[in-house]
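*Asks:* You'll find my_file.pdb just under this line, and it carries PDB, C-alpha atoms.
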```
MODEL        1
ATOM      1  CA  MET P   1     136.897 114.079 138.087
ATOM      2  CA  LEU P   2     137.340 110.341 137.388
ATOM      3  CA  ILE P   3     133.894 109.510 138.775
ATOM      4  CA  ARG P   4     132.308 112.246 136.693
ATOM      5  CA  PHE P   5     134.036 110.937 133.536
ATOM      6  CA  GLN P   6     132.851 107.371 134.233
ATOM      7  CA  ILE P   7     129.262 108.513 134.767
ATOM      8  CA  LYS P   8     129.342 110.486 131.511
ATOM      9  CA  ASN P   9     130.906 107.548 129.650
ATOM     10  CA  ASN P  10     128.308 105.098 130.993
ATOM     11  CA  SER P  11     125.539 107.522 130.064
ATOM     12  CA  ILE P  12     126.753 107.598 126.465
ATOM     13  CA  VAL P  13     126.794 103.798 126.291
ATOM     14  CA  LEU P  14     123.263 103.563 127.707
ATOM     15  CA  LYS P  15     122.052 106.074 125.125
ATOM     16  CA  LEU P  16     123.689 103.956 122.432
ATOM     17  CA  ILE P  17     121.842 100.865 123.663
ATOM     18  CA  THR P  18     118.561 102.823 123.606
ATOM     19  CA  ILE P  19     119.202 103.926 120.015
ATOM     20  CA  ILE P  20     119.868 100.323 118.998
ATOM     21  CA  ILE P  21     116.596  99.179 120.580
ATOM     22  CA  ILE P  22     114.581 101.905 118.857
ATOM     23  CA  SER P  23     116.243 101.213 115.500
ATOM     24  CA  SER P  24     115.606  97.484 115.841
ATOM     25  CA  VAL P  25     111.926  98.036 116.711
ATOM     26  CA  ASN P  26     111.463 100.311 113.695
ATOM     27  CA  CYS P  27     113.200  97.772 111.502
ATOM     28  CA  PHE P  28     111.063  94.903 112.790
ATOM     29  CA  ALA P  29     107.887  96.938 112.325
ATOM     30  CA  GLN P  30     108.375  97.341 108.577
ATOM     31  CA  ASP P  31     110.692  95.804 105.986
ATOM     32  CA  CYS P  32     112.146  97.536 102.983
ATOM     33  CA  LYS P  33     109.484  97.451 100.231
ATOM     34  CA  SER P  34     108.869  98.730  96.710
ATOM     35  CA  LYS P  35     105.704  99.234  94.683
ATOM     36  CA  VAL P  36     105.311  96.675  91.889
ATOM     37  CA  GLU P  37     102.851  96.828  88.988
ATOM     38  CA  ILE P  38     102.097  93.765  86.856
ATOM     39  CA  ILE P  39     100.068  94.085  83.653
ATOM     40  CA  THR P  40      98.936  91.357  81.284
ATOM     41  CA  ASP P  41      96.984  91.481  78.019
ATOM     42  CA  ASN P  42      94.418  89.052  79.419
ATOM     43  CA  ALA P  43      91.924  90.542  81.874
ATOM     44  CA  ASP P  44      91.043  87.082  83.199
ATOM     45  CA  ALA P  45      94.588  85.844  83.760
ATOM     46  CA  ARG P  46      95.149  84.920  87.403
ATOM     47  CA  ILE P  47      98.268  86.461  88.953
ATOM     48  CA  TYR P  48     100.067  84.665  91.780
ATOM     49  CA  ILE P  49     103.107  85.976  93.655
ATOM     50  CA  ASP P  50     104.995  83.650  95.986
ATOM     51  CA  SER P  51     102.151  81.114  95.600
ATOM     52  CA  LEU P  52      99.511  83.636  96.773
ATOM     53  CA  PHE P  53      96.672  84.784  94.489
ATOM     54  CA  ILE P  54      96.903  88.556  93.996
ATOM     55  CA  ALA P  55      94.518  89.671  91.245
ATOM     56  CA  LYS P  56      93.250  89.106  87.706
ATOM     57  CA  GLY P  57      94.629  90.822  84.610
ATOM     58  CA  LYS P  58      96.790  93.349  86.403
ATOM     59  CA  ALA P  59      98.006  93.933  89.931
ATOM     60  CA  GLU P  60      99.660  96.519  92.138
ATOM     61  CA  ILE P  61     101.417  95.315  95.263
ATOM     62  CA  ASN P  62     104.211  96.277  97.674
ATOM     63  CA  LEU P  63     106.999  93.680  97.714
ATOM     64  CA  THR P  64     110.066  93.342  99.878
ATOM     65  CA  GLN P  65     113.554  93.607  98.414
ATOM     66  CA  GLY P  66     114.785  90.417  96.753
ATOM     67  CA  ASN P  67     113.393  87.841  94.322
ATOM     68  CA  HIS P  68     109.746  86.788  94.167
ATOM     69  CA  PHE P  69     108.132  83.943  92.247
ATOM     70  CA  LEU P  70     105.510  85.001  89.693
ATOM     71  CA  PHE P  71     102.955  82.624  88.241
ATOM     72  CA  ILE P  72     100.347  83.856  85.751
ATOM     73  CA  GLN P  73      97.650  81.340  84.913
ATOM     74  CA  ASN P  74      96.146  81.831  81.486
ATOM     75  CA  SER P  75      92.383  81.528  81.601
ATOM     76  CA  SER P  76      92.123  80.799  77.894
ATOM     77  CA  PHE P  77      91.883  77.158  76.781
ATOM     78  CA  LYS P  78      92.771  77.879  73.155
ATOM     79  CA  TRP P  79      95.593  75.918  71.564
ATOM     80  CA  GLY P  80      99.010  77.460  72.170
ATOM     81  CA  LYS P  81      98.046  79.395  75.285
ATOM     82  CA  LYS P  82     100.524  78.778  78.075
ATOM     83  CA  ASN P  83     101.029  79.863  81.643
ATOM     84  CA  ILE P  84     103.872  82.170  82.618
ATOM     85  CA  TYR P  85     106.503  81.455  85.260
ATOM     86  CA  ASP P  86     108.907  84.254  86.022
ATOM     87  CA  THR P  87     111.067  85.839  88.724
ATOM     88  CA  LEU P  88     110.317  89.351  89.929
ATOM     89  CA  ARG P  89     113.666  90.867  90.875
ATOM     90  CA  ILE P  90     113.388  93.770  93.311
ATOM     91  CA  PRO P  91     116.982  94.974  93.885
ATOM     92  CA  GLU P  92     116.102  98.134  95.846
ATOM     93  CA  CYS P  93     113.460  99.394  98.244
ATOM     94  CA  ASP P  94     111.254 102.493  97.958
ATOM     95  CA  LYS P  95     111.226 102.181  94.167
ATOM     96  CA  TYR P  96     108.600 101.585  91.465
ATOM     97  CA  TYR P  97     108.849  98.485  89.246
ATOM     98  CA  HIS P  98     106.691  97.746  86.207
ATOM     99  CA  PHE P  99     106.311  94.310  84.596
ATOM    100  CA  ASN P 100     104.354  93.790  81.386
ATOM    101  CA  TYR P 101     103.449  90.327  80.061
ATOM    102  CA  ASP P 102     102.053  89.288  76.705
ATOM    103  CA  MET P 103     100.116  86.084  77.247
ATOM    104  CA  LYS P 104     100.439  85.252  73.523
ATOM    105  CA  GLN P 105     104.195  84.830  73.881
ATOM    106  CA  THR P 106     105.780  81.753  75.419
ATOM    107  CA  GLU P 107     109.403  82.824  75.839
ATOM    108  CA  TYR P 108     109.243  83.387  79.590
ATOM    109  CA  SER P 109     109.344  79.740  80.566
ATOM    110  CA  SER P 110     108.215  76.522  78.878
ATOM    111  CA  VAL P 111     108.805  74.198  81.840
ATOM    112  CA  GLN P 112     107.063  74.493  85.183
ATOM    113  CA  PRO P 113     109.649  74.880  87.976
ATOM    114  CA  ASN P 114     109.563  73.220  91.375
ATOM    115  CA  ILE P 115     107.530  75.928  93.114
ATOM    116  CA  TYR P 116     108.100  74.750  96.676
ATOM    117  CA  GLU P 117     111.862  74.435  96.205
ATOM    118  CA  TYR P 118     111.954  77.868  94.565
ATOM    119  CA  MET P 119     109.939  79.457  97.358
ATOM    120  CA  ASN P 120     112.098  78.033 100.149
ATOM    121  CA  LYS P 121     115.289  79.122  98.409
ATOM    122  CA  ASN P 122     114.136  82.667  97.696
ATOM    123  CA  LYS P 123     112.647  83.236 101.137
ATOM    124  CA  THR P 124     116.103  82.560 102.593
ATOM    125  CA  GLU P 125     117.757  84.803 100.011
ATOM    126  CA  ASN P 126     115.238  87.591 100.639
ATOM    127  CA  PHE P 127     115.923  87.559 104.383
ATOM    128  CA  PHE P 128     119.710  87.567 104.025
ATOM    129  CA  ASN P 129     119.508  90.469 101.567
ATOM    130  CA  SER P 130     117.078  92.497 103.680
ATOM    131  CA  SER P 131     117.883  95.517 105.819
ATOM    132  CA  THR P 132     116.459  93.623 108.810
ATOM    133  CA  PHE P 133     119.229  91.026 108.618
ATOM    134  CA  LYS P 134     121.926  93.706 108.311
ATOM    135  CA  ILE P 135     120.619  95.646 111.321
ATOM    136  CA  LEU P 136     120.306  92.469 113.386
ATOM    137  CA  ILE P 137     123.918  91.508 112.665
ATOM    138  CA  GLY P 138     125.179  95.033 113.290
ATOM    139  CA  SER P 139     123.257  95.483 116.535
ATOM    140  CA  ALA P 140     124.398  92.026 117.719
ATOM    141  CA  ALA P 141     128.019  93.049 117.246
ATOM    142  CA  VAL P 142     127.486  96.324 119.130
ATOM    143  CA  LEU P 143     125.538  94.729 121.968
ATOM    144  CA  GLY P 144     128.134  91.976 122.324
ATOM    145  CA  GLY P 145     130.879  94.587 122.514
ATOM    146  CA  VAL P 146     128.965  96.650 125.082
ATOM    147  CA  ALA P 147     128.265  93.598 127.253
ATOM    148  CA  ALA P 148     131.934  92.556 127.141
ATOM    149  CA  TYR P 149     133.098  96.115 127.883
ATOM    150  CA  PHE P 150     131.037  96.449 131.055
ATOM    151  CA  LYS P 151     131.844  92.898 132.153
ATOM    152  CA  ILE P 152     135.591  93.513 131.882
ATOM    153  CA  LYS P 153     135.260  96.771 133.815
ATOM    154  CA  ALA P 154     133.199  95.008 136.488
ATOM    155  CA  ASP P 155     135.813  92.270 136.876
ATOM    156  CA  ARG P 156     138.593  94.817 137.277
ATOM    157  CA  LYS P 157     136.610  96.759 139.838
ATOM    158  CA  TYR P 158     135.906  93.552 141.731
ATOM    159  CA  ASP P 159     139.653  92.874 141.889
ATOM    160  CA  ASP P 160     140.057  96.351 143.372
ATOM    161  CA  TYR P 161     137.322  95.586 145.898
ATOM    162  CA  ILE P 162     139.077  92.400 146.994
ATOM    163  CA  GLN P 163     142.150  94.446 147.822
ATOM    164  CA  THR P 164     140.499  97.531 149.353
ATOM    165  CA  LYS P 165     137.193  96.153 150.752
ATOM    166  CA  ASN P 166     135.680  99.512 149.777
ATOM    167  CA  ARG P 167     131.873  99.355 149.787
ATOM    168  CA  SER P 168     131.521 102.022 147.092
ATOM    169  CA  THR P 169     133.732  99.955 144.810
ATOM    170  CA  LEU P 170     131.438  96.957 145.286
ATOM    171  CA  ASP P 171     128.421  99.119 144.455
ATOM    172  CA  GLU P 172     130.127 100.155 141.231
ATOM    173  CA  VAL P 173     130.776  96.487 140.443
ATOM    174  CA  ASP P 174     127.058  95.772 140.827
ATOM    175  CA  ARG P 175     126.186  98.712 138.584
ATOM    176  CA  LEU P 176     128.598  97.614 135.852
ATOM    177  CA  ASP P 177     127.309  94.043 136.069
ATOM    178  CA  LEU P 178     123.785  95.392 135.638
ATOM    179  CA  TYR P 179     124.746  97.278 132.477
ATOM    180  CA  SER P 180     126.499  94.184 131.148
ATOM    181  CA  GLY P 181     123.453  92.056 131.935
ATOM    182  CA  ILE P 182     121.118  94.474 130.138
ATOM    183  CA  ALA P 183     123.299  94.472 127.015
ATOM    184  CA  PHE P 184     123.599  90.673 127.116
ATOM    185  CA  GLY P 185     119.838  90.300 127.552
ATOM    186  CA  LEU P 186     119.224  92.505 124.503
ATOM    187  CA  LEU P 187     121.768  90.429 122.604
ATOM    188  CA  GLN P 188     119.785  87.267 123.415
ATOM    189  CA  ILE P 189     116.581  88.923 122.186
ATOM    190  CA  ASN P 190     118.426  89.942 119.039
ATOM    191  CA  PHE P 191     119.582  86.372 118.356
ATOM    192  CA  GLY P 192     116.137  85.017 119.178
ATOM    193  CA  TYR P 193     114.496  87.278 116.626
ATOM    194  CA  LEU P 194     117.221  86.429 114.093
ATOM    195  CA  ILE P 195     116.508  82.701 114.471
ATOM    196  CA  TYR P 196     112.738  83.344 114.314
ATOM    197  CA  LYS P 197     113.041  85.263 111.023
ATOM    198  CA  PHE P 198     115.334  82.603 109.581
ATOM    199  CA  LEU P 199     112.873  79.802 110.395
ATOM    200  CA  THR P 200     109.650  81.594 109.424
ATOM    201  CA  ASP P 201     110.563  83.767 106.420
TER
ENDMDL
END
```
Would you write the structure of this file as structure tokens?
*Replies:*
Amino acid sequence: MLIRFQIKNNSIVLKLITIIIISSVNCFAQDCKSKVEIITDNADARIYIDSLFIAKGKAEINLTQGNHFLFIQNSSFKWGKKNIYDTLRIPECDKYYHFNYDMKQTEYSSVQPNIYEYMNKNKTENFFNSSTFKILIGSAAVLGGVAAYFKIKADRKYDDYIQTKNRSTLDEVDRLDLYSGIAFGLLQINFGYLIYKFLTD
């Protein structure tokens, strides 16, 4: 009865690890995004988002949750025409956001910000506010707990083996160490991807 319970318990833990892997892969494959529409009253105005040229006049784009830097370059050289610098705030994913800009008005921003400093700051904020970061932290906690759980069980079984010299007990120690090693290996992959996203996003 005890052996059957242990096998069932280990099977549940392995299924949990599999679910974490699948969830992490799905999360890595696509981030939380929303559809954003930007409209200006100047068909020739150049629209940039996060320093990348998007379109002229108006644009539709999918953006990740968080803040994004918007720069609209006015194509007109008439007196009083100014460029627009603004922040696109996307608080939720799977939503629709509409932004309308009147190029004749100048109340958005009169001073050009430090674009590179802004970009680096908001990339970090976007990552820490994303669902990817939350899943990575959550899965790291679970994987760390699973690895510790199997390691502790393996150590206790090894103590039993030292006293009994039972070969089946040693085999169970090897099996528990294997489960612990798998969970720890996945934890390392998790941390590696976390560091990669932090450095590149």
*Asks:* Name the residues that the PyMOL selection byres ((chain P and resi 178) around 12) picks from the file above, as a VMD selection string, using the file's chain letters and numbers.
*Replies:* chain P and resid 10 14 146 to 147 150 to 151 153 to 154 171 to 177 179 to 185
*Asks:* Go through P:Leu199, P:Ile90, P:Met103, P:Leu143 one by one, measure the shortest atom-to-atom distance of each to Leu63 in chain P using all atoms listed in the file, and give the residue with the smallest value.
*Replies:*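 Residue with the minimum atom-to-atom distance to Leu63 in chain P: P:Ile90.
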*Asks:* Check the smallest atom-to-atom distance from each of P:Phe133, P:Phe53, P:Tyr101, P:Tyr48 to Gln65 in chain P using only C-alpha atoms, then report the winner.
*Replies:*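 When distances to Gln65 in chain P are compared using only C-alpha atoms, the smallest one comes from P:Phe133.
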*Asks:* Which residue gives the smallest distance to Gly144 in chain P among P:Ala55, P:Gln163, P:Ser168, P:Phe191, with only C-alpha atoms counted?
*Replies:*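 Answer, going by the shortest atom-to-atom distance: P:Phe191.
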*Asks:* Would you please work out which residue, of P:Asn100, P:Asn67, P:Asn74, P:Asn62, is nearest to Thr40 in chain P when using all atoms listed in the file?
*Replies:* P:Asn100
*Asks:* Running the PyMOL selection byres ((chain P and resi 34) around 6) on this model by hand, what would come out? Give it as number ranges by chain.
*Replies:* P: 33, 35, 62-63, 93-96
*Asks:* Go ahead and compute the interatomic distance for CA of Lys197 in chain P and CA of Ile47 in chain P, in Å to one decimal.
*Replies:*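 Distance between the two atoms: 26.6 Å.
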*Asks:* Rounded to one decimal in Å, what is the spacing between CA of Ala148 in chain P and CA of Leu186 in chain P?
*Replies:*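 These atoms are spaced 13.0 Å apart.
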*Asks:* Using all atoms listed in the file, pick whichever of P:Leu136, P:Ala141, P:Asp50, P:Thr169 has the shortest atom-to-atom distance to Phe198 in chain P.
*Replies:* P:Leu136
*Asks:* Please compute the CA of Arg46 in chain P-CA of Leu70 in chain P distance, one decimal, in Å.
*Replies:*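 Atom-to-atom, CA of Arg46 in chain P to CA of Leu70 in chain P, that is 10.6 Å.
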*Asks:* Could you check the closest approach to Ile189 in chain P for each of P:Ile162, P:Cys32, P:Ile135, P:Ala140 and tell me which residue wins, using only C-alpha atoms?
*Replies:*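 Nearest candidate to Ile189 in chain P out of P:Ile162, P:Cys32, P:Ile135, P:Ala140: P:Ala140.
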*Asks:* Written as a PyMOL selection string, what is the full residue list that the PyMOL selection byres ((chain P and resi 58) around 10) yields on the file shown?
*Replies:* chain P and resi 37-47+54-57+59-60+99-101
